[in-house]
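Novice: Input upload_38.cif, format and content: mmCIF, C-alpha atoms.
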```
data_input
loop_
_atom_site.label_atom_id
_atom_site.label_comp_id
_atom_site.auth_asym_id
_atom_site.auth_seq_id
_atom_site.Cartn_x
_atom_site.Cartn_y
_atom_site.Cartn_z
CA MET A 1 -30.54 -12.42 -13.95
CA SER A 2 -32.39 -15.17 -12.17
CA SER A 3 -33.63 -16.94 -15.24
CA GLU A 4 -33.11 -20.35 -13.63
CA THR A 5 -36.78 -20.09 -12.69
CA HIS A 6 -37.66 -20.26 -16.38
CA PRO A 7 -37.60 -23.76 -17.82
CA ALA A 8 -37.81 -22.31 -21.33
CA LEU A 9 -34.54 -20.51 -20.79
CA LEU A 10 -32.70 -23.47 -19.31
CA HIS A 11 -30.71 -24.14 -22.45
CA ARG A 12 -29.15 -20.73 -21.99
CA GLU A 13 -27.75 -21.64 -18.62
CA TRP A 14 -24.33 -22.43 -19.96
CA PRO A 15 -21.30 -21.74 -17.81
CA PRO A 16 -19.42 -18.58 -18.87
CA ILE A 17 -16.56 -20.55 -20.43
CA VAL A 18 -19.00 -22.15 -22.90
CA TRP A 19 -20.25 -18.70 -23.84
CA HIS A 20 -16.74 -17.37 -24.43
CA LEU A 21 -15.89 -20.41 -26.56
CA ALA A 22 -19.14 -20.22 -28.51
CA VAL A 23 -18.57 -16.53 -29.25
CA ALA A 24 -14.97 -17.21 -30.35
CA VAL A 25 -15.99 -20.12 -32.61
CA LEU A 26 -18.85 -18.18 -34.17
CA VAL A 27 -16.58 -15.22 -34.93
CA GLY A 28 -14.15 -17.68 -36.61
CA VAL A 29 -16.94 -19.23 -38.70
CA TRP A 30 -18.16 -15.74 -39.56
CA TYR A 31 -14.73 -14.78 -40.89
CA ALA A 32 -14.34 -17.96 -42.94
CA VAL A 33 -17.76 -17.52 -44.59
CA TYR A 34 -17.20 -13.80 -45.17
CA LYS A 35 -14.01 -14.52 -47.13
CA GLN A 36 -15.94 -16.85 -49.46
CA LEU A 37 -18.78 -14.48 -50.31
CA MET A 38 -17.45 -13.29 -53.67
CA PRO A 39 -17.03 -16.75 -55.28
CA LEU A 40 -20.35 -17.77 -53.74
CA SER A 41 -22.22 -14.86 -55.32
CA GLU A 42 -20.59 -15.43 -58.75
CA TRP A 43 -21.58 -19.08 -58.55
CA LEU A 44 -25.18 -18.15 -57.72
CA VAL A 45 -25.39 -15.78 -60.69
CA SER A 46 -23.89 -18.44 -62.98
CA LEU A 47 -26.79 -20.73 -62.07
CA LEU A 48 -29.30 -18.19 -63.36
CA PRO A 49 -30.29 -17.99 -67.02
CA VAL A 50 -28.73 -14.55 -67.56
CA ASP A 51 -25.55 -13.45 -69.26
CA ARG A 52 -23.05 -12.42 -66.57
CA ASN A 53 -21.87 -9.50 -68.72
CA SER A 54 -25.33 -8.11 -69.41
CA HIS A 55 -27.05 -5.37 -67.41
CA PRO A 56 -29.29 -7.82 -65.50
CA GLY A 57 -26.28 -10.08 -64.84
CA ASP A 58 -24.36 -7.12 -63.45
CA ALA A 59 -27.25 -6.02 -61.25
CA LEU A 60 -27.84 -9.57 -59.94
CA ALA A 61 -24.15 -10.11 -59.09
CA PHE A 62 -24.19 -6.83 -57.18
CA PHE A 63 -27.33 -7.89 -55.32
CA PHE A 64 -26.19 -11.43 -54.43
CA TYR A 65 -22.83 -10.22 -53.16
CA ASP A 66 -23.95 -7.13 -51.25
CA VAL A 67 -26.98 -8.51 -49.41
CA PRO A 68 -25.16 -11.33 -47.55
CA LYS A 69 -22.09 -9.13 -47.04
CA VAL A 70 -24.07 -6.34 -45.40
CA LEU A 71 -26.21 -8.71 -43.31
CA MET A 72 -23.07 -10.45 -42.04
CA LEU A 73 -21.31 -7.19 -41.19
CA LEU A 74 -24.48 -6.05 -39.49
CA THR A 75 -24.66 -9.16 -37.31
CA LEU A 76 -21.07 -8.93 -36.12
CA ILE A 77 -20.84 -5.19 -35.52
CA VAL A 78 -24.29 -4.77 -33.96
CA PHE A 79 -23.45 -7.63 -31.59
CA ALA A 80 -20.15 -5.99 -30.67
CA MET A 81 -21.84 -2.60 -30.18
CA GLY A 82 -24.53 -4.24 -28.04
CA VAL A 83 -21.81 -5.61 -25.76
CA VAL A 84 -19.98 -2.25 -25.65
CA ARG A 85 -23.19 -0.32 -24.98
CA SER A 86 -23.99 -2.54 -22.01
CA PHE A 87 -21.24 -0.59 -20.23
CA PHE A 88 -23.13 2.68 -20.76
CA SER A 89 -26.59 3.96 -19.83
CA PRO A 90 -28.43 7.27 -20.25
CA GLU A 91 -28.29 7.69 -16.46
CA LYS A 92 -24.50 7.34 -16.34
CA THR A 93 -24.09 9.62 -19.34
CA ARG A 94 -26.24 12.26 -17.70
CA ALA A 95 -24.17 12.09 -14.54
CA ALA A 96 -20.97 12.42 -16.59
CA LEU A 97 -22.26 15.46 -18.50
CA SER A 98 -24.01 17.26 -15.67
CA GLY A 99 -22.45 20.67 -15.07
CA LYS A 100 -19.74 20.14 -17.69
CA ARG A 101 -18.27 23.23 -19.29
CA GLU A 102 -19.04 23.90 -22.92
CA GLY A 103 -16.37 22.78 -25.32
CA ILE A 104 -15.11 19.73 -23.48
CA GLY A 105 -18.73 18.96 -22.57
CA ASN A 106 -19.78 19.08 -26.23
CA ALA A 107 -16.99 16.71 -27.24
CA MET A 108 -17.85 14.27 -24.45
CA ALA A 109 -21.55 14.47 -25.29
CA ALA A 110 -20.95 13.68 -28.95
CA GLY A 111 -18.78 10.68 -28.06
CA LEU A 112 -21.26 9.43 -25.48
CA GLY A 113 -24.07 9.98 -27.98
CA VAL A 114 -22.53 7.25 -30.10
CA LEU A 115 -21.96 4.83 -27.20
CA THR A 116 -25.05 5.28 -25.04
CA PRO A 117 -27.97 2.96 -25.76
CA PHE A 118 -30.76 5.29 -26.80
CA CYS A 119 -33.92 5.02 -28.84
CA SER A 120 -35.21 8.11 -30.62
CA CYS A 121 -38.63 7.55 -29.04
CA SER A 122 -36.96 8.44 -25.71
CA ALA A 123 -35.69 11.77 -27.07
CA VAL A 124 -38.12 13.91 -25.09
CA PRO A 125 -37.71 12.34 -21.62
CA LEU A 126 -33.97 12.21 -22.20
CA PHE A 127 -33.84 15.85 -23.21
CA ILE A 128 -35.72 16.92 -20.09
CA GLY A 129 -33.76 14.55 -17.90
CA PHE A 130 -30.50 16.06 -19.16
CA VAL A 131 -31.49 19.73 -19.01
CA SER A 132 -33.13 19.42 -15.58
CA ALA A 133 -29.99 17.75 -14.19
CA GLY A 134 -27.82 20.70 -15.18
CA VAL A 135 -26.47 19.45 -18.50
CA PRO A 136 -26.06 22.66 -20.57
CA LEU A 137 -28.45 23.05 -23.51
CA GLY A 138 -25.68 23.07 -26.14
CA VAL A 139 -24.10 19.94 -24.63
CA THR A 140 -27.49 18.20 -24.71
CA PHE A 141 -27.79 19.10 -28.40
CA SER A 142 -24.36 17.65 -29.15
CA PHE A 143 -25.62 14.37 -27.69
CA LEU A 144 -28.90 14.47 -29.60
CA ILE A 145 -27.19 15.25 -32.92
CA ALA A 146 -24.46 12.63 -32.60
CA ALA A 147 -26.75 9.81 -31.42
CA PRO A 148 -28.66 9.31 -34.68
CA MET A 149 -26.03 10.64 -37.09
CA VAL A 150 -23.10 8.46 -36.08
CA ASN A 151 -24.81 5.12 -35.66
CA GLU A 152 -23.31 1.72 -36.21
CA VAL A 153 -25.73 0.77 -38.98
CA ALA A 154 -24.59 3.76 -41.07
CA LEU A 155 -20.94 2.97 -40.41
CA ILE A 156 -21.34 -0.74 -41.20
CA LEU A 157 -23.04 0.00 -44.49
CA LEU A 158 -20.37 2.52 -45.42
CA ILE A 159 -17.61 0.04 -44.59
CA GLY A 160 -19.34 -2.78 -46.44
CA LEU A 161 -20.51 -0.94 -49.53
CA VAL A 162 -18.25 2.07 -49.99
CA GLY A 163 -15.03 1.48 -48.07
CA TRP A 164 -13.62 2.04 -44.61
CA GLN A 165 -11.96 5.34 -45.59
CA VAL A 166 -15.33 6.93 -46.29
CA ALA A 167 -16.71 5.38 -43.08
CA VAL A 168 -13.94 6.96 -40.99
CA THR A 169 -14.46 10.28 -42.75
CA TYR A 170 -18.15 10.10 -42.00
CA LEU A 171 -17.46 9.27 -38.34
CA VAL A 172 -15.00 12.13 -37.87
CA PHE A 173 -17.11 14.77 -39.61
CA GLY A 174 -20.35 13.52 -38.06
CA LEU A 175 -18.84 13.94 -34.60
CA GLY A 176 -17.36 17.28 -35.67
CA ILE A 177 -20.77 18.62 -36.71
CA ALA A 178 -22.37 17.38 -33.48
CA ILE A 179 -19.69 19.07 -31.35
CA LEU A 180 -19.66 22.35 -33.26
CA ALA A 181 -23.41 22.66 -33.73
CA GLY A 182 -23.97 22.01 -30.01
CA PHE A 183 -21.27 24.53 -29.15
CA VAL A 184 -22.84 27.20 -31.35
CA ILE A 185 -26.33 26.55 -29.99
CA GLY A 186 -24.91 26.80 -26.46
CA LYS A 187 -23.20 30.12 -27.24
CA LEU A 188 -26.46 31.55 -28.59
CA LYS A 189 -27.98 31.19 -25.10
CA LEU A 190 -31.36 29.98 -26.31
CA GLU A 191 -32.63 28.53 -23.03
CA GLY A 192 -35.52 31.02 -23.27
CA TRP A 193 -36.65 29.34 -26.49
CA LEU A 194 -37.53 26.07 -24.82
CA GLN A 195 -41.21 25.38 -24.28
CA ASP A 196 -42.44 27.17 -21.13
CA TRP A 197 -43.14 23.98 -19.20
CA VAL A 198 -39.60 22.75 -19.79
CA GLN A 199 -38.15 25.99 -18.44
CA GLU A 200 -40.28 25.66 -15.31
CA ILE A 201 -38.90 22.28 -14.43
CA HIS A 202 -36.17 22.60 -11.88
CA LEU A 203 -33.87 20.01 -10.55
CA GLY A 204 -35.92 19.47 -7.39
CA ALA A 205 -39.18 18.97 -9.25
CA VAL A 206 -38.01 15.91 -11.13
CA SER A 207 -38.04 12.68 -9.20
CA GLN A 208 -34.63 11.24 -8.71
CA ASN A 209 -34.21 8.07 -10.62
CA GLY A 210 -33.03 5.81 -7.83
CA LEU A 211 -32.51 2.71 -9.92
CA ASP A 212 -29.43 0.79 -8.93
CA ASP A 213 -27.08 -0.30 -11.59
CA GLU A 214 -27.00 -4.02 -11.23
CA PRO A 215 -23.59 -5.42 -11.99
CA LEU A 216 -23.72 -7.34 -15.27
CA THR A 217 -21.72 -10.46 -15.98
CA MET A 218 -20.01 -10.96 -19.33
CA VAL A 219 -22.71 -13.51 -20.20
CA ASP A 220 -25.38 -10.85 -19.55
CA ARG A 221 -23.50 -8.57 -21.94
CA TYR A 222 -23.39 -11.26 -24.65
CA ARG A 223 -27.13 -11.64 -24.23
CA LEU A 224 -27.62 -7.91 -24.62
CA GLY A 225 -25.51 -8.11 -27.80
CA ILE A 226 -27.77 -10.88 -29.15
CA ALA A 227 -30.86 -8.88 -28.21
CA ALA A 228 -29.44 -5.87 -30.11
CA VAL A 229 -28.87 -8.00 -33.24
CA ARG A 230 -32.42 -9.34 -33.12
CA GLU A 231 -33.89 -5.90 -32.64
CA ILE A 232 -31.88 -4.22 -35.42
CA PHE A 233 -32.54 -7.09 -37.81
CA ALA A 234 -36.28 -6.96 -37.22
CA LYS A 235 -36.17 -3.25 -37.94
CA VAL A 236 -33.85 -2.92 -40.91
CA TRP A 237 -33.64 -6.15 -42.93
CA ILE A 238 -36.37 -5.16 -45.35
CA TRP A 239 -34.80 -1.75 -45.92
CA ILE A 240 -31.43 -3.27 -46.57
CA ILE A 241 -32.78 -5.64 -49.19
CA LEU A 242 -34.93 -2.97 -50.85
CA GLY A 243 -32.09 -0.46 -50.70
CA ILE A 244 -29.57 -2.86 -52.22
CA ALA A 245 -32.06 -3.91 -54.88
CA LEU A 246 -32.56 -0.26 -55.85
CA GLY A 247 -28.80 0.26 -55.69
CA ALA A 248 -28.34 -2.76 -57.98
CA LEU A 249 -30.75 -1.30 -60.50
CA ILE A 250 -28.94 2.04 -60.50
CA HIS A 251 -25.69 0.12 -60.77
CA GLY A 252 -26.85 -1.84 -63.77
CA TYR A 253 -28.97 0.66 -65.64
CA VAL A 254 -28.43 4.35 -64.88
CA PRO A 255 -26.06 5.91 -67.41
CA GLU A 256 -22.85 7.20 -65.93
CA ASP A 257 -22.81 10.73 -67.30
CA LEU A 258 -26.31 11.44 -65.95
CA MET A 259 -25.12 11.25 -62.34
CA VAL A 260 -21.95 13.18 -63.09
CA ARG A 261 -24.07 15.99 -64.44
CA ILE A 262 -26.62 16.01 -61.58
CA MET A 263 -24.49 15.12 -58.61
CA GLY A 264 -20.92 15.72 -59.81
CA ALA A 265 -18.46 18.06 -58.09
CA ASP A 266 -18.88 20.79 -60.71
CA ALA A 267 -22.52 21.36 -59.90
CA TRP A 268 -22.10 23.54 -56.77
CA TRP A 269 -25.83 23.76 -56.18
CA SER A 270 -26.05 20.00 -55.82
CA VAL A 271 -24.86 20.14 -52.17
CA PRO A 272 -27.61 22.45 -50.85
CA ALA A 273 -30.11 20.59 -53.03
CA ALA A 274 -28.99 17.30 -51.47
CA VAL A 275 -29.41 18.71 -47.93
CA VAL A 276 -32.88 20.12 -48.63
CA MET A 277 -33.99 16.88 -50.30
CA GLY A 278 -32.74 14.89 -47.34
CA ILE A 279 -34.86 16.59 -44.66
CA PRO A 280 -38.31 15.17 -45.50
CA MET A 281 -36.80 11.83 -46.46
CA TYR A 282 -36.75 9.48 -43.59
CA THR A 283 -35.43 6.02 -43.66
CA ASN A 284 -32.99 4.58 -41.22
CA ALA A 285 -29.40 4.52 -42.42
CA ALA A 286 -29.93 1.04 -43.84
CA GLY A 287 -32.21 2.06 -46.67
CA ILE A 288 -30.16 4.98 -47.90
CA ILE A 289 -26.62 3.68 -48.08
CA PRO A 290 -26.89 1.10 -50.86
CA ILE A 291 -28.28 3.91 -53.00
CA VAL A 292 -25.40 6.10 -51.88
CA GLU A 293 -22.90 3.48 -52.97
CA ALA A 294 -24.47 3.09 -56.38
CA LEU A 295 -24.56 6.87 -56.87
CA LEU A 296 -20.87 7.12 -55.99
CA GLY A 297 -20.09 4.32 -58.40
CA LYS A 298 -21.79 6.29 -61.17
CA GLY A 299 -19.79 9.44 -60.64
CA ALA A 300 -21.76 11.43 -58.05
CA ALA A 301 -19.38 13.56 -55.95
CA LEU A 302 -18.45 12.25 -52.49
CA GLY A 303 -19.24 15.54 -50.72
CA THR A 304 -22.70 15.75 -52.26
CA VAL A 305 -23.48 12.16 -51.38
CA LEU A 306 -22.24 12.51 -47.78
CA ALA A 307 -24.27 15.71 -47.35
CA PHE A 308 -27.36 13.90 -48.61
CA MET A 309 -26.79 11.01 -46.24
CA MET A 310 -26.19 13.18 -43.18
CA SER A 311 -29.25 15.25 -43.96
CA VAL A 312 -31.49 12.20 -44.33
CA ILE A 313 -30.24 10.70 -41.06
CA ALA A 314 -29.67 13.73 -38.79
CA LEU A 315 -32.36 16.15 -39.94
CA SER A 316 -35.46 14.03 -40.03
CA LEU A 317 -38.98 15.35 -39.89
CA PRO A 318 -40.29 12.71 -37.45
CA GLU A 319 -37.58 13.64 -34.96
CA MET A 320 -38.45 17.33 -35.28
CA ILE A 321 -42.05 16.48 -34.52
CA ILE A 322 -40.99 14.63 -31.38
CA LEU A 323 -38.72 17.49 -30.28
CA ARG A 324 -41.48 20.03 -30.95
CA GLN A 325 -42.91 18.97 -27.58
CA VAL A 326 -39.94 20.54 -25.77
CA LEU A 327 -38.58 23.09 -28.26
CA THR A 328 -40.26 26.16 -29.71
CA LEU A 329 -40.41 26.43 -33.50
CA ARG A 330 -37.74 29.16 -33.36
CA LEU A 331 -35.35 26.81 -31.61
CA ILE A 332 -36.09 24.00 -34.07
CA ALA A 333 -35.35 26.44 -36.91
CA VAL A 334 -32.01 27.33 -35.29
CA PHE A 335 -31.28 23.62 -34.86
CA ILE A 336 -31.97 22.91 -38.54
CA GLY A 337 -30.03 25.99 -39.58
CA VAL A 338 -26.92 25.20 -37.54
CA VAL A 339 -26.80 21.49 -38.32
CA GLY A 340 -27.69 22.13 -41.98
CA THR A 341 -24.85 24.66 -42.27
CA GLY A 342 -22.43 22.13 -40.81
CA ILE A 343 -23.55 19.50 -43.33
CA LEU A 344 -23.23 22.00 -46.20
CA MET A 345 -19.69 22.82 -45.15
CA VAL A 346 -18.74 19.12 -45.05
CA GLY A 347 -20.28 18.64 -48.50
CA PHE A 348 -18.42 21.56 -50.08
CA LEU A 349 -15.16 20.68 -48.34
CA PHE A 350 -15.21 17.15 -49.70
CA ASN A 351 -16.12 18.22 -53.20
CA ILE A 352 -13.14 20.59 -53.18
CA LEU A 353 -10.71 18.11 -51.63
CA PHE A 354 -11.57 14.93 -53.53
CA MET B 1 -54.33 -4.15 -5.69
CA LYS B 2 -51.11 -2.89 -7.14
CA SER B 3 -50.98 0.14 -9.35
CA ILE B 4 -48.50 -0.26 -12.18
CA LYS B 5 -47.48 2.57 -14.47
CA VAL B 6 -45.73 2.03 -17.78
CA TYR B 7 -43.96 5.18 -18.98
CA GLY B 8 -43.42 5.63 -22.70
CA PRO B 9 -44.48 7.90 -25.55
CA GLY B 10 -46.24 5.07 -27.37
CA CYS B 11 -43.47 3.39 -29.27
CA LYS B 12 -43.60 -0.32 -30.03
CA ARG B 13 -41.37 -1.28 -27.12
CA CYS B 14 -43.59 0.57 -24.68
CA GLU B 15 -46.66 -1.30 -25.96
CA THR B 16 -44.81 -4.58 -25.63
CA THR B 17 -43.78 -3.72 -22.08
CA ALA B 18 -47.35 -2.93 -21.03
CA GLU B 19 -48.44 -6.22 -22.56
CA MET B 20 -45.68 -8.09 -20.70
CA VAL B 21 -46.81 -6.56 -17.40
CA ARG B 22 -50.43 -7.59 -17.98
CA ASN B 23 -49.49 -11.11 -19.02
CA ALA B 24 -47.15 -11.58 -16.07
CA ALA B 25 -49.83 -10.35 -13.65
CA ASN B 26 -52.37 -12.72 -15.20
CA ALA B 27 -49.97 -15.64 -15.00
CA LEU B 28 -49.35 -14.91 -11.33
CA GLY B 29 -53.06 -14.42 -10.65
CA LEU B 30 -52.43 -10.90 -9.33
CA ASP B 31 -54.96 -8.13 -9.40
CA VAL B 32 -53.21 -5.12 -10.89
CA GLU B 33 -54.13 -1.86 -12.52
CA VAL B 34 -51.89 -1.03 -15.46
CA GLU B 35 -51.79 2.59 -16.55
CA LYS B 36 -49.88 3.80 -19.57
CA VAL B 37 -48.29 7.21 -19.15
CA THR B 38 -47.62 8.83 -22.52
CA ASP B 39 -47.35 12.52 -21.60
CA PRO B 40 -43.69 13.51 -22.01
CA ARG B 41 -43.92 15.88 -19.09
CA GLU B 42 -45.18 13.22 -16.72
CA ILE B 43 -42.59 10.76 -17.98
CA ALA B 44 -39.83 13.26 -17.31
CA MET B 45 -41.16 14.23 -13.88
CA ALA B 46 -41.13 10.59 -12.82
CA GLY B 47 -37.39 10.57 -13.42
CA VAL B 48 -37.54 8.29 -16.45
CA ILE B 49 -34.94 9.33 -19.04
CA SER B 50 -34.93 6.20 -21.10
CA THR B 51 -38.23 4.59 -21.97
CA PRO B 52 -40.05 2.37 -21.37
CA GLY B 53 -40.08 2.79 -17.60
CA ILE B 54 -42.13 0.86 -15.03
CA SER B 55 -43.25 1.92 -11.58
CA VAL B 56 -45.01 -0.25 -9.02
CA ASP B 57 -47.13 1.59 -6.42
CA GLY B 58 -45.30 4.82 -7.20
CA LYS B 59 -41.81 3.39 -7.00
CA LEU B 60 -39.76 3.35 -10.20
CA VAL B 61 -38.35 -0.14 -10.75
CA HIS B 62 -37.18 -0.10 -14.35
CA ALA B 63 -36.12 2.28 -17.12
CA GLY B 64 -34.85 1.65 -20.62
CA GLY B 65 -35.55 -1.35 -22.83
CA LEU B 66 -37.79 -4.34 -22.35
CA PRO B 67 -37.83 -5.66 -18.80
CA ASP B 68 -36.38 -9.03 -17.95
CA ALA B 69 -39.28 -11.50 -17.53
CA SER B 70 -38.07 -12.95 -14.25
CA LYS B 71 -37.34 -9.52 -12.76
CA LEU B 72 -40.78 -8.39 -13.80
CA GLU B 73 -42.34 -11.23 -11.78
CA GLY B 74 -40.23 -10.20 -8.83
CA TRP B 75 -41.47 -6.59 -8.94
CA LEU B 76 -45.08 -7.70 -9.23
CA LYS B 77 -44.81 -10.10 -6.32
CA SER B 78 -42.92 -7.82 -3.94
#
```
Now that the file is in, can you turn its structure into structure tokens?

Specialist:
Amino acid sequence: MSSETHPALLHREWPPIVWHLAVAVLVGVWYAVYKQLMPLSEWLVSLLPVDRNSHPGDALAFFFYDVPKVLMLLTLIVFAMGVVRSFFSPEKTRAALSGKREGIGNAMAAGLGVLTPFCSCSAVPLFIGFVSAGVPLGVTFSFLIAAPMVNEVALILLIGLVGWQVAVTYLVFGLGIAILAGFVIGKLKLEGWLQDWVQEIHLGAVSQNGLDDEPLTMVDRYRLGIAAVREIFAKVWIWIILGIALGALIHGYVPEDLMVRIMGADAWWSVPAAVVMGIPMYTNAAGIIPIVEALLGKGAALGTVLAFMMSVIALSLPEMIILRQVLTLRLIAVFIGVVGTGILMVGFLFNILF
Amino acid sequence: MKSIKVYGPGCKRCETTAEMVRNAANALGLDVEVEKVTDPREIAMAGVISTPGISVDGKLVHAGGLPDASKLEGWLKS
């Protein structure tokens, strides 16, 4: 980083110690404000001309508490993930996975899928880059399934709106599905079902990416964390507010027994229905989770709700369309089938257990 | 004249990167030809696995995320 040539960036030229202190102080302020959110939201609602115990009062309290809470959690955790991700790159991940055996390779790929900075618009070059460098097909799939499914925005929203227990459950089973589905796809030996041009690409034909990894300082990593927060905020803030508003309405108005009947544990067909409904729906995790929380609060079964969420996030139509460039329709069908089966199993398991 | 290629399937970040390259070249008064490569096959063959990627006169200089403004000037001037 030689930004000293940029006068506009001069104010950022703080010595590292100032950065460390600033980060520490801001985290402290964050914590103090976070602790005060509940009284703050009640106070805000009390200023409005609505009865606190009415439906609108209930919905407004929900809205005024959840929006700042989620935005604050988002800021802190996305920043932290931005710093952590600066230690990883798709190039390093590829090198780590290249030639790995199945099994251990699938587990590593799923874990790295969560930690490697990756944008779904890079899915095709990444897929080819992995396969052409000798990363087994099933291992590549484990990466591609885990990357969107277990993302920090989904986990933050689950922690903030539903509870950390459900977030951990989601993390564990999301990784489990990515590992198993990749393993199964690898065992099926479907390399012949890639698009012809992908099969023709051999290691030698692809230019070696000779970019050097420049050593980053801790300050560079903080900056990457800040950049991540700005980027995620620009992308999801509107969905979070809309999602929480919709969640607040469900919270305040939808009768309880309705959801128990439609999405309760007794309705076995609700799990497959949730998975099928989730495929064409595409929002990032941010838009879906406030709704999920409100549904849970009204008696929808945890397994059904988790299945719906995983299906919306991991089996999205836009991603299929992107992957269509490298996969044949048959392989996409297998992908949907295997991942969908995994999600169904998680849904049923949770409805039986909880 | 330098030939610059920006590799990316057409997402917002790739557009922004191409724009950054043009602006930086203008600011430096350099004569450059900026080509956007959107074909996934070509992107992959160039060795780019995270987009957007940038190459200058056939040499890959950047892959993944928006480029740093000062580094970008460096690549254009070299």

Novice: When the PyMOL selection byres ((chain B) within 8 of (chain A)) is applied to the structure above, which residues does it catch, written out as a PyMOL selection string?

Specialist: chain B and resi 8-9+11+40-41+43-51+60-62+68+70-71

Novice: Given only C-alpha atoms, how would the per-residue table for segment 68-104 of chain A near segment 237-241 of chain A read, listing every residue at most 12 Å away with its closest atom pair and distance in Å to one decimal, sorted by chain and number, as a tab-separated table?

Specialist:
```
residue	atom	partner	partner_atom	distance
A:Pro68	CA	A:Ile241	CA	9.7
A:Lys69	CA	A:Ile240	CA	11.0
A:Val70	CA	A:Ile240	CA	8.1
A:Leu71	CA	A:Trp237	CA	7.9
A:Met72	CA	A:Trp237	CA	11.4
A:Leu74	CA	A:Trp237	CA	9.8
A:Thr75	CA	A:Trp237	CA	11.0
```

Novice: Check which residues satisfy the PyMOL selection byres ((chain A and resi 171-185) around 10) in the file shown, then give them as a PyMOL selection string.

Specialist: chain A and resi 102-111+113-114+136-152+154-155+165-170+186-191+306+310+314+331+334-343+345-346

Novice: By how many Å are atom CA of Gly247 of chain A and atom CA of Leu296 of chain A apart?

Specialist: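 Here the two named atoms are 10.5 Å from each other.
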
Novice: How far is it from atom CA of Asp57 of chain B to atom CA of Ala18 of chain B, in Å with one decimal?

Specialist: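 We find that atom CA of Asp57 of chain B and atom CA of Ala18 of chain B lie 15.3 Å from each other.
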
Novice: One decimal, Å: what's the distance from atom CA of Arg223 of chain A over to atom CA of Pro67 of chain B, could you say?

Specialist: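 Computing the Euclidean distance for atom CA of Arg223 of chain A and atom CA of Pro67 of chain B yields 13.4 Å.
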
Novice: Within 12 Å of Val83 of chain A, counting all atoms listed in the file, which residues qualify if same-chain residues fewer than 3 places away don't, as a list of chain:residue names?

Specialist: A:Val23, A:Leu76, A:Ile77, A:Val78, A:Phe79, A:Ala80, A:Ser86, A:Phe87, A:Phe88, A:Leu115, A:Thr116, A:Pro117, A:Leu216, A:Thr217, A:Met218, A:Val219, A:Asp220, A:Arg221, A:Tyr222, A:Arg223, A:Leu224, A:Gly225, A:Ile226, A:Ala227, A:Ala228, A:Val229

Novice: I'd like the contact shell of segment 21-36 of chain B - 9 Å cut-off, all atoms listed in the file, skipping same-chain residues fewer than 3 positions apart - returned as a PyMOL selection string.

Specialist: chain B and resi 1-8+10+14-18+69+72-73+76-77

Novice: When you count all atoms listed in the file, which of these residues is closest to Val312 of chain A: A:Ile262, A:Leu73, A:Val275, A:Ile17?

Specialist: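 Between A:Ile262, A:Leu73, A:Val275, A:Ile17, the residue approaching Val312 of chain A most closely is A:Val275.
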
Novice: Please write out, as AutoDock Vina command-line options, where the centre of an axis-aligned box around all listed atoms of segment 323-331 of chain A lies and how long its edges are, in Å to one decimal, after adding 6 Å on each side.

Specialist:
```
--center_x -39.1 --center_y 23.3 --center_z -29.6 --size_x 19.6 --size_y 23.7 --size_z 19.7
```

Novice: Evaluate the PyMOL selection byres ((chain A and resi 45) around 12) here and jot the selected residues down as JSON, numbers by chain.

Specialist: {"A": [38, 39, 40, 41, 42, 43, 44, 46, 47, 48, 49, 50, 51, 52, 53, 54, 56, 57, 58, 59, 60, 61, 62, 63, 64, 65]}
